[in-house]
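A.B. asks: Pasting a structure here, questions to come.
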Amino acid sequence: MSRPLEEYGLVGDTETLAIVHETGSIDWLCWPRFDSPSIFGSLLDPDGGGWSIRPSGASDGHIESRQFYLSGTNVLLTRFHTPTGIMEIEDFMSMGLGDHHGARQLVRVVRCRRGHVEATSNLLMRPDYGRGERTVECLVDDGNSIRLSSSGEHEFELTMSSSVSLDITSADNGDDPTPVTTSPLSATFELAEGESAFFALGDTVLDQAGCDEASRQTLEFWRDWSGASTYDGRWREHVERSALTLKLLTHAPTGGIIAAATTSLPEVMGGERNWDYRYVWIRDASFTLYAFIELGYLSEAEAFTEWLVQRVQTCDRSGDRPPLSPLYDLDGNAQIEEIELDHWSGYGDSTPVRVGNAASGQLQLDIYGEMIDALYLADKHGDGLGLDTWQNVCVLVDWVVENWKRPDEGIWETRGGEQRHTSSLLMCWVAVERAMRMARHGGRPAPYEHWRAARDEMHACLVDEGWNDDLGAFTQTLGGSTLDASLLLMPLVRFVSPTDERWLSTLDAIGDRLAHGPLVDRYDSTATDDGLDGDEGSFTMCSFWYVETLARAGRLNEARSMFDRLLSYASPTGLFSEEIGPNGRLIGNFPQAFTHLALISAAVHLDELLA
């Protein structure tokens, strides 16, 4: 039985992250970065490897524990209440290590706060999604430092350091003196009140002084970062946690922001809607820049802008393929092969477990609107786009003008065939409209009249073919008769006034047919052929969009009530996944960047309108 996602927190160092269960088990960690193969993967298979620290003799269901973050930080505390005392685990990934600066460490500090406790640590590394072999080697005779290495395609070495002795149980490896083991590195130790022990997994040996310094600098880093936020509204705690989560999902060396920390957490328990989200989606671009700019994190906005500019400058101009891919890896590679890990059972027995994402080869026209809207925001709030970048923007807009009538897979990356999606056309309109603004206000050269004619034709098509009189709403596809929550973007991107009669009718239709209180489905999966079996939960991102559109429509009391109710679905540590299931539990990849971006936007706008 897979553990509920609500019971997890996460720690990270803006290169990778670890997902930690409230019983003290790290069930997911990819090394050395987000999109690398996992070394701990028990989140997706019982034999995937992990690292547990817990009171000795305790097992799931027989231990009282709770999990929370130290305020303003991504330092996670797990507290155990045992018959003999109180034990805490402080988990973090180092953000600066003094004399060890640049060495990366996952640190676990165990403390006895009252009474006395006996605890056990068990670490089983299963490299390369459980497919690789690991070797272990004692670095010193007392067993406090262990080297772990992985051979094969994804080779690496890590060092396990501890203030207590580590036990190795190895398999018979013949004449080779290096142990190959499928047994955990284990340690059992006792702590009296006020005593502590530490464990660290990373690039180098860590001693007690280095551990103390890592803790101090990491707390200081996160508190300085969260303290720089300019948001001081009604939902400070939720906005701060969302911002800290987005920072954890940011890859500092490149500036890219991954969509989620995990792969193949199902949208339908036991179903096939399982995707790898450890990549950078162009779709997130404008929402990400808006959130960082609105909260005052301009350096993060600038770093992501640079990542986007590199994608524009290296876009495909051959004419054989669309110039942009919907998603890229952290280095900007667009060719991402999707494979299935047949040896893993999946979260909640939901298969297949996928690595990579075939959506990278889809035509998704909406991404051009999100990309150019993001560059428009960067141009407006930053130093302005460079001359070469503007020329490449013109290439993208010209391509949109020539191709906006094509069917595509759409914003939801369906696998049921291409259609004329209304939201795709909406964002093509955004692409041209924002580029026209940049040309006009920046005095930049552009085929302005040609663009304006295309923009106006798109607008007319949206109004005429995207509207259904019988439904009294804009529709999922042009000439269609079904609803889609992606149309909540219409007032958010300023295509229509939030109080326009047609829009209000559409908003009511979405509320009547797709909403369950504050929870909004992205579409009616029984009426939409998306090429996949099974129903799904409510899309949390769309739920926050719904709150924001209600607020912009002037329905402030309803919006505030919906927002507060929606926030109650967060995990105890304030995290959201991609969806909320029919039973009210978190499902889908976790945590989801787009959800937290939509939360920030809804909070900011609701605050402004309630002022």
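Ordering of the structure tokens sets the chain letters (A, B, ...); residue numbers start at 1 within each chain; ligands are numbered from 1 in the order shown.
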Tell me, as a PyMOL selection string, which residues lie within 12 Å of Asp469 of chain A, counting only C-alpha atoms; anything in the same chain fewer than 6 positions away does not count.

C.D. replies: chain A and resi 463+475+479-482+502+505-506

A.B. asks: Can you pull out every residue within 10 Å of Thr250 of chain A, counting only C-alpha atoms, but drop anything in the same chain fewer than 3 positions away, and send it as a list in words?

C.D. replies: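 The neighbour list is Gly12, Asp13, Thr14, Glu15, Thr16, Phe34, Leu244, Thr245, Leu246, Lys247, Pro253, Thr254, Gly255, Gly256, Ile257, Ile258, Ala259, Val280, Glu300, Ala303, Phe304, Leu330 and Ala593 of chain A.
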
A.B. asks: Keeping C-alpha atoms, export the residues of the selection given above as a short mmCIF file (atom, residue, chain, number, x, y, z; two decimals), in the first residue's frame.

C.D. replies:
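Just written: selection_0.cif:
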```
data_model
loop_
_atom_site.label_atom_id
_atom_site.label_comp_id
_atom_site.auth_asym_id
_atom_site.auth_seq_id
_atom_site.Cartn_x
_atom_site.Cartn_y
_atom_site.Cartn_z
CA GLY A 12 16.64 20.23 -1.65
CA ASP A 13 19.61 22.31 -2.74
CA THR A 14 18.33 23.74 -6.09
CA GLU A 15 20.02 20.91 -8.00
CA THR A 16 18.12 17.91 -6.72
CA PHE A 34 16.43 16.36 -10.66
CA LEU A 244 10.05 28.23 -1.17
CA THR A 245 8.76 25.20 -3.07
CA LEU A 246 9.31 26.93 -6.41
CA LYS A 247 12.85 27.75 -5.33
CA PRO A 253 23.11 26.15 -12.55
CA THR A 254 20.78 26.76 -15.53
CA GLY A 255 17.85 28.80 -14.17
CA GLY A 256 15.31 26.26 -15.45
CA ILE A 257 12.35 25.29 -13.27
CA ILE A 258 11.05 21.74 -13.40
CA ALA A 259 7.30 21.07 -13.46
CA VAL A 280 11.12 22.39 -17.87
CA GLU A 300 15.24 34.16 -10.13
CA ALA A 303 17.80 33.51 -14.48
CA PHE A 304 14.68 31.88 -15.90
CA LEU A 330 17.56 21.27 -17.83
CA ALA A 593 5.12 23.95 -9.70
#
```

A.B. asks: Where in segment 97-259 of chain A does DSSP assign alpha helix (DSSP H), given as JSON, numbers by chain?

C.D. replies: {"A": [127, 128, 129, 130, 208, 209, 210, 211, 212, 213, 214, 215, 216, 217, 218, 219, 220, 221, 222, 223, 224, 225, 226, 227, 236, 237, 238, 239, 240, 241, 242, 243, 244, 245, 246, 247, 248]}

A.B. asks: One number please: atom CA of Ser242 of chain A to atom CA of Glu64 of chain A, in Å, one decimal.

C.D. replies: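 So the two atoms, atom CA of Ser242 of chain A and atom CA of Glu64 of chain A, lie 27.0 Å apart.
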
A.B. asks: Find the residue from A:Tyr546, A:Arg241, A:Asp91, A:Leu377 that sits nearest to Ala570 of chain A; use only C-alpha atoms when measuring.

C.D. replies: A:Arg241
